[in-house]
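Asks: Quick one: the structure is below, and I'll ask about it shortly.
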Protein chains: 2
Amino acid sequence: MPKVKETPSKAPKASAHPVSPLAPARFAALPPLAGVRLATGEAGVKYKDRTDVLLAVLAPGTQVAGVFTRSRTASAPVDWCRVQLKHGSARALVVNSGNANAFTGQAGVAGARAVAEAAAATVGCKASEIFMASTGVIGEPLPAEKITRILGRVAEEASASGWRASAEAIMTTDTYPKLATASAMIDGTKVTINGIAKGSGMIAPDMATMLAFVFTDAALPAAVLQECLAAGTGPSFNSITVDSDTSTSDTLLLFATGKGARHAAITKGSDKKLTEFRRKLDGVLLELALAVVKDGEGAQKLIRIDVSGAETNDAAKRIALSIANSPLVKTAIAGNDANWGRVVMAVGKAGEAADRDKLKISFGGHVVAEKGQRAAKYDEMIATKAVSGREVEIAVELGIGKGMARVWTCDLTHGYIDINGSYRS
Amino acid sequence: MPKVKETPSKAPKASAHPVSPLAPARFAALPPLAGVRLATGEAGVKYKDRTDVLLAVLAPGTQVAGVFTRSRTASAPVDWCRVQLKHGSARALVVNSGNANAFTGQAGVAGARAVAEAAAATVGCKASEIFMASTGVIGEPLPAEKITRILGRVAEEASASGWRASAEAIMTTDTYPKLATASAMIDGTKVTINGIAKGSGMIAPDMATMLAFVFTDAALPAAVLQECLAAGTGPSFNSITVDSDTSTSDTLLLFATGKGARHAAITKGSDKKLTEFRRKLDGVLLELALAVVKDGEGAQKLIRIDVSGAETNDAAKRIALSIANSPLVKTAIAGNDANWGRVVMAVGKAGEAADRDKLKISFGGHVVAEKGQRAAKYDEMIATKAVSGREVEIAVELGIGKGMARVWTCDLTHGYIDINGSYRS
């Protein structure tokens with residue numbers, strides 16, 4: 001992978017909180033991607049002395065797919081993207097941090113339109129080809145003019161590098177930028193997939209629970225992109241939770257510029273030539289999703305929960321999320337307490353078929369409970385060790401069917417209270 | 001109300017945590033109730049130097065009703081009570097704290113039976129007339145013999161007083177005992193209703209989310225009691241949440257000894273002669289439920305949430321609970337932050353019909369958001385004051401129907417993390 005010189009960034013000052021201990025030792029270095037030029041700027045939407053606007057200029061012909069929050073109080077940018085997605089083509093992406101432009105009424109709608117029109121004038125395209133996302137406080141009017149007045153200047157600096165600076169510009173309570181990259185072969189031709197994401201709190205698996213933008217230089221029509229993205233979201237962004245709270249702004253967009261090396265035309269997501277691309281795309285989505293949950297507000301541990309033997313896959317997922325969202329499970333893990341009784345509780349409350357006497361629970365592979373009671377070979381020291389590291393694995397076998405699911409969450413610590421008792425002010 | 005001499009109690013040492021600032025200035029003094037004799041003892045199930053067993057001896061002919069957890073991993077005592085409830089008569093109630101006898105397999109079932117048989121031998125009745133509840137750690141085998149061996153001695157001390165000592169003996173992480181009393185007229189005859197409860201964490205509204213035992217000297221058949229209890233549970237115990245976690249042990253029992261002054265025979269819950277009794281019973285249930293949520297683990301504030309204008313009452317309740325269970329709403333209130341954007345978020349994620357532009361949100365009567373944006377007369381100082389006291393009122397008007405609901409929760413503080421990162425060990 002080529003080394004890329006990165007623009008120095010002012011963004012990390014945004015977080016007043018210590019960097020998550022689960023942050024990667026080094027960030028992925030994303031290579032240039034044909035058809036994408038990036039730039040960031042300081043609009044001062046809310047934060048001072050840091051970047052808070054990202055502009056990604058996309059080559060003519062770029063196709064786009066997206067999934068969004070299921071919130072009934074979605075933000076103005078989400079509404080905007082949903083409408084524009086119907087024609088499937090994109091020429092630029094504008095993202096700001098510091099203000100979510102959610103629950104901002106007609107002024108918010110006008111603000112989104114103003115940003116689109118300014119970006120369209122800058123890039124030279126129709127406003128309908130501008131995609132956008134906003135993240136930050138809900139309910140504050142968006143000072144759109146702070147963004148529109150700098151877009152022209154920002155666009156002048158757009159370049160093929162700047163992925164890390166882009167990931168930093170969209171951070172809010174994030175303590176580190178989130179980046180992932182992969183390459184894949186489509187019918188013998190190498191294509192690149194680059195992705196960035198932001199997210200730390202208000203993370204729950206109800207569609208793309210944060211902002212994430214993935215780009216490829218492959219030539220794929222919007223319908224195919226949408227098929228790939230929808231399938232890849234389930235086991236990645238829809239399988240993570242920090243606090244069970246669903247954002248008003250969740251946006252996951254996938255852009256295909258078609259400016260990489262020429263490859264065979266693809267017209268269906270099920271085309272076998274796309275198999276490797278889809279696998280690599282899924283990997284990028286999962287890597288970004290895990291980066292979000294590892295940066296969960298106050299997180300000290302990554303918790304993986306595997307549920308098997310449920311009635312259906314959906315039932316398994318509901319049980320897994322019941323465990324992942326249980327404050328009592330999450331605080332126990334935070335306290336290095338192998339309190340598997342709380343896992344029993346969380347299975348019990350999920351509302352799905354479960355048989356107490358068939359349930360089997362393991363921590364880090366050590367069986368702690370089975371046959372309706374504590375396992376005969378239960379060892380408190382082994383169980384405690386299994387929940388004391390940075391990564392904790394909880395497995396639940398229900399023994400009544402073939403349904404399976406895997407989800408990730410983080411522990412619930414004092415850090416979460418600190419961050420969220422004072423975020424807005 | 002007669003003053004009652006209370007047995008000195010050793011129980012309050014149970015909680016290592018400071019008493020909730022929401023605890024009542026003084027506890028209700030419960031009068032003797034004909035047909036109920038109470039005693040507590042120190043079995044040493046888990047705690048040392050405090051009472052942990054309650055025995056309530058009930059007069060022959062006592063009728064009983066109950067509602068229980070909906071957990072799929074319910075405790076052995078819950079299973080036991082469900083079976084015995086079918087015949088509707090009770091002669092004693094045995095409750096222990098320190099161990100929930102949940103997920104304890106066949107040994108747990110045998111332990112519950114052993115307790116019932118010992119109590120039956122002591123009281124002189126059938127084992128099927130013994131009701132019971134256990135609360136504490138899940139998954140630890142219940143040392144039933146510690147309870148059975150002291151029951152005879154405990155029974156000898158049973159007396160008409162001792163309500164406060166009883167409420168204390170069943171505490172776990174509770175920081176204060178929970179008691180309520182009322183009197184009501186049934187067709188010109190005065191009857192008494194006494195209730196005690198315990199609960200602090202693992203509180204979610206999925207049936208009687210803790211232990212609560214209510215007694216009356218009225219003469220009411222089990223079917224009538226069940227009708228009254230089921231109706232009274234919805235707006236009380238089923239309308240509170242601390243942490244969205246449903247216990248394996250939730251038990252609410254209502255006993256009617258029929259040993260008070262004679263009153264007209266009642267054969268239907270809908271009998272007009274029962275109107276005042278039902279209203280007073282509802283009041284006792286609500287008072288106990290609020291005592292539980294005010295003692296929510298780490299609680300510093302009581303939060304009341306009123307939702308109106310929803311499609312249906314059920315929809316209103318789901319929206320109210322979505323707000324009440326949102327960690328982001330609860331941490332904001334903890335931090336005196338009038339962050340109404342998080343209320344918007346919680347409405348949005350509830351999955352119920354909502355129209356952003358019709359939504360109206362008030363804090364303590366001050367309208368903070370309406371018509372899809374911040375209210376024109378929004379005043380940050382007033383809003384902040386409204387969330388800074390011990391009691392916070394959030395009102396949400398959806399403007400699309402006539403559905404209404406009221407629920408209560410508490411804030412989410414460092415205290416919750418402290419208590420639950422170390423409860424088991």
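Each chain of the structure tokens is named A, B, ... in the order shown, its residues numbered from 1; ligands are numbered from 1 in display order.
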Hey, could you lay chain A over chain B with a least-squares C-alpha fit (all atoms, paired in order) and save it as a compact mmCIF listing (two decimals) with C-alpha atoms, in the first residue's frame?
Replies:
# COMPACT_ATOMS: atom_id res chain seq x y z
CA MET A 1 -53.48 6.18 62.35
CA PRO A 2 -52.28 4.32 65.46
CA LYS A 3 -48.63 4.71 66.44
CA VAL A 4 -46.89 1.36 66.44
CA LYS A 5 -43.83 0.39 68.39
CA GLU A 6 -41.33 -0.94 65.90
CA THR A 7 -38.85 -3.73 66.52
CA PRO A 8 -35.31 -2.35 66.33
CA SER A 9 -33.73 -3.54 63.11
CA LYS A 10 -30.20 -4.37 62.05
CA ALA A 11 -30.98 -4.22 58.37
CA PRO A 12 -29.73 -0.83 57.13
CA LYS A 13 -26.11 -1.93 57.37
CA ALA A 14 -26.82 -3.96 54.26
CA SER A 15 -26.23 -1.03 51.98
CA ALA A 16 -22.68 0.17 51.70
CA HIS A 17 -23.99 3.12 49.72
CA PRO A 18 -25.19 6.49 50.94
CA VAL A 19 -28.92 6.81 51.47
CA SER A 20 -30.70 8.18 48.40
CA PRO A 21 -31.32 11.93 48.65
CA LEU A 22 -34.83 11.10 47.46
CA ALA A 23 -35.57 8.98 50.54
CA PRO A 24 -38.65 10.16 52.46
CA ALA A 25 -38.01 12.37 55.48
CA ARG A 26 -39.94 9.86 57.56
CA PHE A 27 -41.30 6.43 56.82
CA ALA A 28 -44.97 5.56 56.87
CA ALA A 29 -45.95 3.95 60.20
CA LEU A 30 -47.98 0.90 59.28
CA PRO A 31 -50.75 -0.10 61.71
CA PRO A 32 -51.40 -3.70 62.73
CA LEU A 33 -53.49 -5.55 60.19
CA ALA A 34 -55.83 -8.25 61.44
CA GLY A 35 -54.74 -11.67 60.26
CA VAL A 36 -51.09 -10.82 59.61
CA ARG A 37 -48.24 -11.53 62.04
CA LEU A 38 -44.68 -10.67 61.08
CA ALA A 39 -41.21 -11.72 62.13
CA THR A 40 -37.71 -11.35 60.77
CA GLY A 41 -34.54 -13.30 61.37
CA GLU A 42 -30.84 -13.50 60.62
CA ALA A 43 -30.20 -16.57 58.50
CA GLY A 44 -26.84 -15.39 57.16
CA VAL A 45 -27.79 -16.36 53.59
CA LYS A 46 -25.21 -13.88 52.37
CA TYR A 47 -25.16 -10.83 54.61
CA LYS A 48 -23.74 -10.85 58.10
CA ASP A 49 -25.09 -9.03 61.15
CA ARG A 50 -28.40 -8.10 59.61
CA THR A 51 -31.83 -9.58 59.12
CA ASP A 52 -32.36 -11.37 55.81
CA VAL A 53 -35.48 -13.46 56.30
CA LEU A 54 -39.08 -12.29 56.58
CA LEU A 55 -41.88 -14.57 57.68
CA ALA A 56 -45.45 -13.30 57.43
CA VAL A 57 -47.96 -15.65 59.03
CA LEU A 58 -51.43 -15.27 57.54
CA ALA A 59 -54.77 -16.17 59.07
CA PRO A 60 -56.60 -19.25 57.78
CA GLY A 61 -58.76 -18.30 54.82
CA THR A 62 -56.39 -15.67 53.46
CA GLN A 63 -56.81 -15.17 49.72
CA VAL A 64 -53.95 -14.22 47.43
CA ALA A 65 -53.28 -12.69 44.02
CA GLY A 66 -49.97 -12.07 42.27
CA VAL A 67 -48.17 -10.76 39.24
CA PHE A 68 -44.66 -11.81 38.31
CA THR A 69 -41.72 -11.06 36.08
CA ARG A 70 -42.10 -11.83 32.38
CA SER A 71 -38.51 -13.01 32.29
CA ARG A 72 -37.90 -16.29 30.45
CA THR A 73 -35.36 -17.17 33.11
CA ALA A 74 -37.57 -16.65 36.14
CA SER A 75 -36.41 -17.77 39.58
CA ALA A 76 -37.46 -20.94 41.39
CA PRO A 77 -39.61 -18.98 43.90
CA VAL A 78 -41.44 -17.27 41.01
CA ASP A 79 -42.14 -20.66 39.45
CA TRP A 80 -43.32 -21.92 42.84
CA CYS A 81 -45.71 -19.01 43.42
CA ARG A 82 -47.15 -19.24 39.90
CA VAL A 83 -48.16 -22.84 40.55
CA GLN A 84 -49.60 -22.19 44.03
CA LEU A 85 -51.51 -19.12 42.92
CA LYS A 86 -53.98 -21.33 41.09
CA HIS A 87 -55.76 -22.32 44.29
CA GLY A 88 -55.74 -18.75 45.60
CA SER A 89 -55.23 -19.38 49.32
CA ALA A 90 -52.20 -18.54 51.44
CA ARG A 91 -51.06 -19.17 55.01
CA ALA A 92 -47.59 -17.68 55.03
CA LEU A 93 -45.06 -15.69 53.05
CA VAL A 94 -41.32 -16.34 53.33
CA VAL A 95 -38.87 -13.91 51.79
CA ASN A 96 -35.10 -13.95 51.89
CA SER A 97 -32.56 -11.41 50.69
CA GLY A 98 -28.97 -12.11 49.62
CA ASN A 99 -29.71 -14.85 47.11
CA ALA A 100 -32.30 -14.84 44.31
CA ASN A 101 -32.46 -18.62 43.90
CA ALA A 102 -32.54 -17.94 40.17
CA PHE A 103 -30.76 -20.09 37.59
CA THR A 104 -29.99 -22.60 40.27
CA GLY A 105 -31.36 -25.67 38.49
CA GLN A 106 -32.96 -28.62 40.24
CA ALA A 107 -31.13 -27.69 43.46
CA GLY A 108 -32.95 -24.37 43.36
CA VAL A 109 -36.31 -26.05 42.89
CA ALA A 110 -35.53 -28.37 45.79
CA GLY A 111 -34.44 -25.40 47.90
CA ALA A 112 -37.72 -23.59 47.27
CA ARG A 113 -39.65 -26.72 48.19
CA ALA A 114 -37.59 -27.20 51.37
CA VAL A 115 -38.38 -23.63 52.46
CA ALA A 116 -42.08 -24.18 51.75
CA GLU A 117 -42.17 -27.44 53.65
CA ALA A 118 -40.35 -26.01 56.65
CA ALA A 119 -42.67 -23.00 56.72
CA ALA A 120 -45.72 -25.24 56.35
CA ALA A 121 -44.57 -27.40 59.28
CA THR A 122 -44.01 -24.27 61.36
CA VAL A 123 -47.31 -22.64 60.56
CA GLY A 124 -49.35 -25.84 60.38
CA CYS A 125 -50.61 -25.80 56.81
CA LYS A 126 -49.96 -27.36 53.40
CA ALA A 127 -46.73 -26.48 51.57
CA SER A 128 -48.91 -25.28 48.71
CA GLU A 129 -50.21 -22.50 50.96
CA ILE A 130 -46.73 -21.03 51.39
CA PHE A 131 -45.76 -18.17 49.10
CA MET A 132 -42.17 -17.07 48.80
CA ALA A 133 -39.70 -14.75 47.15
CA SER A 134 -35.92 -14.55 47.06
CA THR A 135 -33.82 -11.56 46.04
CA GLY A 136 -30.09 -11.13 45.63
CA VAL A 137 -27.38 -12.66 43.49
CA ILE A 138 -28.44 -14.80 40.53
CA GLY A 139 -26.83 -18.18 39.94
CA GLU A 140 -25.49 -18.91 43.40
CA PRO A 141 -26.98 -22.07 44.94
CA LEU A 142 -29.44 -21.12 47.70
CA PRO A 143 -28.32 -22.37 51.11
CA ALA A 144 -31.92 -23.29 51.94
CA GLU A 145 -31.02 -24.98 55.21
CA LYS A 146 -29.80 -21.66 56.60
CA ILE A 147 -33.37 -20.45 56.20
CA THR A 148 -35.26 -23.61 57.18
CA ARG A 149 -33.36 -24.09 60.40
CA ILE A 150 -34.34 -20.69 61.79
CA LEU A 151 -37.98 -20.56 60.65
CA GLY A 152 -39.38 -22.16 63.78
CA ARG A 153 -37.56 -19.74 66.04
CA VAL A 154 -38.51 -16.79 63.88
CA ALA A 155 -42.18 -17.82 63.90
CA GLU A 156 -42.26 -17.73 67.69
CA GLU A 157 -41.58 -14.00 67.60
CA ALA A 158 -44.24 -13.17 65.03
CA SER A 159 -46.34 -10.19 66.03
CA ALA A 160 -48.73 -7.64 64.60
CA SER A 161 -46.06 -4.97 64.54
CA GLY A 162 -42.73 -5.24 62.74
CA TRP A 163 -43.68 -3.78 59.37
CA ARG A 164 -40.59 -1.61 59.17
CA ALA A 165 -38.33 -4.46 60.26
CA SER A 166 -39.95 -6.57 57.56
CA ALA A 167 -39.29 -3.97 54.89
CA GLU A 168 -35.68 -3.79 56.05
CA ALA A 169 -35.08 -7.55 56.06
CA ILE A 170 -35.82 -7.80 52.33
CA MET A 171 -33.46 -4.99 51.22
CA THR A 172 -30.46 -5.68 48.98
CA THR A 173 -28.88 -2.61 47.36
CA ASP A 174 -31.82 -0.56 48.65
CA THR A 175 -30.69 2.36 50.75
CA TYR A 176 -33.97 2.70 52.65
CA PRO A 177 -37.01 0.55 53.46
CA LYS A 178 -40.20 1.06 51.45
CA LEU A 179 -43.56 1.14 53.20
CA ALA A 180 -47.02 2.47 52.42
CA THR A 181 -50.40 2.28 54.09
CA ALA A 182 -53.93 3.42 53.44
CA SER A 183 -57.42 2.77 54.72
CA ALA A 184 -60.54 2.51 52.62
CA MET A 185 -64.25 2.06 53.17
CA ILE A 186 -65.96 -0.94 51.65
CA ASP A 187 -69.69 -0.36 51.85
CA GLY A 188 -69.33 1.60 55.10
CA THR A 189 -66.76 -0.69 56.70
CA LYS A 190 -63.19 0.50 57.16
CA VAL A 191 -60.43 -1.80 55.91
CA THR A 192 -56.68 -1.36 55.97
CA ILE A 193 -54.08 -1.82 53.23
CA ASN A 194 -50.41 -2.19 54.17
CA GLY A 195 -47.58 -2.67 51.69
CA ILE A 196 -43.83 -3.14 51.71
CA ALA A 197 -41.42 -3.35 48.78
CA LYS A 198 -37.78 -3.67 47.88
CA GLY A 199 -36.00 -2.72 44.69
CA SER A 200 -33.24 -0.46 43.53
CA GLY A 201 -31.56 -1.89 40.43
CA MET A 202 -32.62 -4.34 37.71
CA ILE A 203 -35.83 -2.36 37.57
CA ALA A 204 -37.77 -2.28 34.32
CA PRO A 205 -41.46 -2.24 33.71
CA ASP A 206 -42.15 -5.76 32.61
CA MET A 207 -44.46 -6.79 35.42
CA ALA A 208 -43.91 -5.95 39.02
CA THR A 209 -40.26 -5.20 38.74
CA MET A 210 -39.13 -5.98 42.24
CA LEU A 211 -40.57 -7.55 45.33
CA ALA A 212 -43.68 -6.03 46.84
CA PHE A 213 -46.13 -7.51 49.29
CA VAL A 214 -49.44 -5.87 50.02
CA PHE A 215 -51.83 -7.01 52.71
CA THR A 216 -55.40 -6.10 53.53
CA ASP A 217 -57.78 -7.23 56.21
CA ALA A 218 -60.66 -6.99 53.75
CA ALA A 219 -62.51 -10.19 52.83
CA LEU A 220 -62.01 -10.55 49.10
CA PRO A 221 -61.83 -13.70 47.00
CA ALA A 222 -58.66 -14.42 45.03
CA ALA A 223 -60.27 -13.70 41.67
CA VAL A 224 -61.34 -10.23 42.79
CA LEU A 225 -57.90 -9.57 44.26
CA GLN A 226 -56.27 -10.62 41.02
CA GLU A 227 -58.48 -8.26 39.04
CA CYS A 228 -57.66 -5.34 41.34
CA LEU A 229 -53.95 -6.13 41.34
CA ALA A 230 -53.62 -6.57 37.58
CA ALA A 231 -55.33 -3.23 36.99
CA GLY A 232 -53.26 -1.44 39.61
CA THR A 233 -49.92 -2.73 38.38
CA GLY A 234 -50.02 -0.98 35.00
CA PRO A 235 -49.83 2.61 36.19
CA SER A 236 -47.53 1.82 39.15
CA PHE A 237 -44.93 -0.93 39.05
CA ASN A 238 -45.24 -1.26 35.29
CA SER A 239 -44.58 2.44 34.86
CA ILE A 240 -41.21 2.71 36.52
CA THR A 241 -37.75 1.97 35.24
CA VAL A 242 -34.29 2.41 36.68
CA ASP A 243 -32.08 0.73 34.14
CA SER A 244 -34.30 -1.17 31.67
CA ASP A 245 -33.09 -4.45 33.15
CA THR A 246 -35.84 -6.91 34.08
CA SER A 247 -35.28 -9.02 37.15
CA THR A 248 -35.66 -12.78 37.23
CA SER A 249 -37.44 -12.47 40.55
CA ASP A 250 -40.05 -9.74 40.25
CA THR A 251 -42.94 -10.61 42.50
CA LEU A 252 -45.93 -8.61 43.63
CA LEU A 253 -48.33 -10.40 45.93
CA LEU A 254 -51.57 -9.12 47.41
CA PHE A 255 -53.03 -10.94 50.42
CA ALA A 256 -56.50 -10.44 51.87
CA THR A 257 -56.94 -11.98 55.32
CA GLY A 258 -60.63 -11.24 55.71
CA LYS A 259 -60.01 -10.70 59.42
CA GLY A 260 -60.98 -7.02 59.58
CA ALA A 261 -64.44 -5.76 60.38
CA ARG A 262 -67.14 -7.61 58.47
CA HIS A 263 -68.26 -6.00 55.24
CA ALA A 264 -70.61 -6.87 52.42
CA ALA A 265 -69.57 -9.83 50.31
CA ILE A 266 -67.83 -8.87 47.10
CA THR A 267 -67.73 -11.25 44.19
CA LYS A 268 -66.64 -9.02 41.31
CA GLY A 269 -63.80 -6.54 40.91
CA SER A 270 -66.20 -4.21 39.13
CA ASP A 271 -68.49 -3.98 42.18
CA LYS A 272 -69.08 -0.28 42.90
CA LYS A 273 -68.61 -0.93 46.60
CA LEU A 274 -64.96 -1.63 45.80
CA THR A 275 -64.31 1.70 44.10
CA GLU A 276 -62.68 3.41 47.04
CA PHE A 277 -60.72 0.29 48.02
CA ARG A 278 -59.32 0.00 44.51
CA ARG A 279 -58.39 3.68 44.42
CA LYS A 280 -56.59 3.36 47.76
CA LEU A 281 -54.92 0.12 46.69
CA ASP A 282 -53.72 1.85 43.51
CA GLY A 283 -52.33 4.62 45.72
CA VAL A 284 -50.39 2.14 47.87
CA LEU A 285 -49.01 0.40 44.78
CA LEU A 286 -47.94 3.72 43.27
CA GLU A 287 -46.37 4.90 46.51
CA LEU A 288 -44.33 1.71 46.75
CA ALA A 289 -43.35 1.88 43.08
CA LEU A 290 -42.18 5.46 43.47
CA ALA A 291 -40.24 4.50 46.58
CA VAL A 292 -38.41 1.94 44.44
CA VAL A 293 -37.53 4.34 41.65
CA LYS A 294 -36.48 7.02 44.14
CA ASP A 295 -34.04 4.47 45.51
CA GLY A 296 -32.80 3.62 42.02
CA GLU A 297 -29.13 2.75 42.19
CA GLY A 298 -27.18 5.99 42.27
CA ALA A 299 -30.34 8.08 41.85
CA GLN A 300 -30.08 11.75 42.67
CA LYS A 301 -33.29 12.81 40.93
CA LEU A 302 -36.79 11.52 40.29
CA ILE A 303 -37.85 12.08 36.69
CA ARG A 304 -41.51 12.02 35.68
CA ILE A 305 -42.28 11.67 32.01
CA ASP A 306 -45.71 12.46 30.60
CA VAL A 307 -46.47 11.63 27.00
CA SER A 308 -49.71 12.76 25.41
CA GLY A 309 -51.15 13.03 21.93
CA ALA A 310 -49.76 9.66 20.83
CA GLU A 311 -51.55 7.29 18.49
CA THR A 312 -52.58 5.01 21.36
CA ASN A 313 -51.93 4.65 25.09
CA ASP A 314 -49.54 1.79 24.34
CA ALA A 315 -47.63 3.93 21.87
CA ALA A 316 -47.45 6.71 24.45
CA LYS A 317 -46.04 4.30 27.00
CA ARG A 318 -43.40 2.96 24.61
CA ILE A 319 -42.30 6.51 23.83
CA ALA A 320 -42.28 7.43 27.52
CA LEU A 321 -40.16 4.39 28.32
CA SER A 322 -37.84 5.11 25.40
CA ILE A 323 -37.15 8.47 27.04
CA ALA A 324 -37.00 6.99 30.54
CA ASN A 325 -34.52 4.31 29.51
CA SER A 326 -32.26 6.51 27.41
CA PRO A 327 -28.82 6.67 29.03
CA LEU A 328 -28.23 9.97 27.24
CA VAL A 329 -31.37 11.58 28.64
CA LYS A 330 -30.63 10.24 32.12
CA THR A 331 -27.01 11.41 32.16
CA ALA A 332 -28.01 14.84 30.85
CA ILE A 333 -30.52 15.28 33.69
CA ALA A 334 -27.85 14.07 36.14
CA GLY A 335 -25.65 16.89 34.84
CA ASN A 336 -28.37 19.56 35.15
CA ASP A 337 -28.27 19.84 31.37
CA ALA A 338 -31.59 20.77 29.74
CA ASN A 339 -30.55 18.79 26.67
CA TRP A 340 -33.96 18.43 25.07
CA GLY A 341 -32.34 17.28 21.82
CA ARG A 342 -31.84 13.94 23.53
CA VAL A 343 -35.57 13.78 24.28
CA VAL A 344 -36.17 14.35 20.57
CA MET A 345 -33.76 11.52 19.87
CA ALA A 346 -35.52 9.19 22.31
CA VAL A 347 -38.92 9.97 20.78
CA GLY A 348 -37.43 9.30 17.35
CA LYS A 349 -36.01 5.92 18.26
CA ALA A 350 -39.15 4.58 19.94
CA GLY A 351 -40.47 3.22 16.67
CA GLU A 352 -43.89 4.79 17.19
CA ALA A 353 -45.66 7.28 14.94
CA ALA A 354 -44.29 10.77 15.55
CA ASP A 355 -44.30 13.92 13.50
CA ARG A 356 -41.25 16.07 14.05
CA ASP A 357 -43.17 19.23 13.22
CA LYS A 358 -46.02 18.56 15.68
CA LEU A 359 -43.85 17.50 18.61
CA LYS A 360 -43.88 19.73 21.70
CA ILE A 361 -41.50 19.20 24.61
CA SER A 362 -41.61 20.87 28.02
CA PHE A 363 -39.31 20.74 31.02
CA GLY A 364 -41.11 21.64 34.24
CA GLY A 365 -43.89 23.27 32.23
CA HIS A 366 -41.49 25.42 30.20
CA VAL A 367 -41.89 24.71 26.47
CA VAL A 368 -38.42 24.07 25.07
CA ALA A 369 -39.26 22.75 21.62
CA GLU A 370 -42.22 22.91 19.28
CA LYS A 371 -43.06 23.07 15.58
CA GLY A 372 -39.96 21.09 14.66
CA GLN A 373 -37.49 23.37 16.36
CA ARG A 374 -36.44 25.15 19.53
CA ALA A 375 -39.37 27.06 21.00
CA ALA A 376 -39.45 30.77 20.17
CA LYS A 377 -39.74 31.62 23.87
CA TYR A 378 -37.11 29.09 24.96
CA ASP A 379 -35.17 30.35 27.96
CA GLU A 380 -32.00 28.44 28.83
CA MET A 381 -32.02 29.59 32.44
CA ILE A 382 -35.60 28.46 33.03
CA ALA A 383 -34.97 25.15 31.30
CA THR A 384 -31.80 24.55 33.30
CA LYS A 385 -33.58 25.34 36.54
CA ALA A 386 -36.30 22.87 35.60
CA VAL A 387 -33.80 20.01 35.42
CA SER A 388 -31.65 21.05 38.38
CA GLY A 389 -33.91 20.08 41.28
CA ARG A 390 -34.59 16.73 42.94
CA GLU A 391 -37.74 16.24 40.88
CA VAL A 392 -37.81 16.78 37.14
CA GLU A 393 -40.89 16.80 34.92
CA ILE A 394 -40.60 16.13 31.20
CA ALA A 395 -43.73 16.43 29.07
CA VAL A 396 -43.99 15.39 25.44
CA GLU A 397 -47.06 16.19 23.34
CA LEU A 398 -47.05 14.35 20.02
CA GLY A 399 -50.06 16.08 18.52
CA ILE A 400 -51.28 13.16 16.47
CA GLY A 401 -53.75 11.26 18.66
CA LYS A 402 -55.19 10.83 22.14
CA GLY A 403 -52.81 8.26 23.63
CA MET A 404 -51.35 9.12 27.04
CA ALA A 405 -48.90 7.60 29.50
CA ARG A 406 -46.95 8.58 32.57
CA VAL A 407 -43.78 6.85 33.72
CA TRP A 408 -41.07 7.55 36.25
CA THR A 409 -37.37 6.98 36.21
CA CYS A 410 -34.27 8.33 37.91
CA ASP A 411 -31.08 9.90 36.60
CA LEU A 412 -27.99 7.89 35.67
CA THR A 413 -25.01 8.85 37.82
CA HIS A 414 -21.58 7.72 38.90
CA GLY A 415 -23.32 6.02 41.81
CA TYR A 416 -24.92 3.50 39.44
CA ILE A 417 -21.50 2.56 38.07
CA ASP A 418 -20.03 2.32 41.56
CA ILE A 419 -22.80 0.07 42.83
CA ASN A 420 -22.95 -2.21 39.82
CA GLY A 421 -19.28 -2.60 39.13
CA SER A 422 -18.90 -4.21 42.51
CA TYR A 423 -22.25 -5.64 43.63
CA ARG A 424 -21.48 -9.33 43.40
CA SER A 425 -17.97 -9.32 44.78
Asks: Going by DSSP on the backbone, which bits of segment 336-422 of chain A are helix (DSSP H, G or I)? Write them as a PyMOL selection string, please.
Replies: chain A and resi 340-349+380-386+414-420
Asks: Could you tell me, as an NGL selection string, which residues of segment 97-158 of chain A DSSP assigns to strand (DSSP E) when given the backbone?
Replies: :A and (97-99 or 130-137)
Asks: Those selected residues, please, written with C-alpha atoms and delivered as a PDB file, in the first residue's frame.
Replies:
ATOM      1  CA  SER A  97     -19.326  18.475  12.961  1.00  0.00           C
ATOM      2  CA  GLY A  98     -20.539  20.525  15.940  1.00  0.00           C
ATOM      3  CA  ASN A  99     -24.190  20.767  14.930  1.00  0.00           C
ATOM      4  CA  ILE A 130     -24.587  17.060  -3.292  1.00  0.00           C
ATOM      5  CA  PHE A 131     -24.770  14.636  -0.378  1.00  0.00           C
ATOM      6  CA  MET A 132     -24.319  15.832   3.161  1.00  0.00           C
ATOM      7  CA  ALA A 133     -24.273  14.944   6.822  1.00  0.00           C
ATOM      8  CA  SER A 134     -24.168  16.951  10.032  1.00  0.00           C
ATOM      9  CA  THR A 135     -23.227  15.686  13.473  1.00  0.00           C
ATOM     10  CA  GLY A 136     -23.247  17.365  16.860  1.00  0.00           C
ATOM     11  CA  VAL A 137     -25.827  18.965  19.108  1.00  0.00           C
TER      12      VAL A 137
END
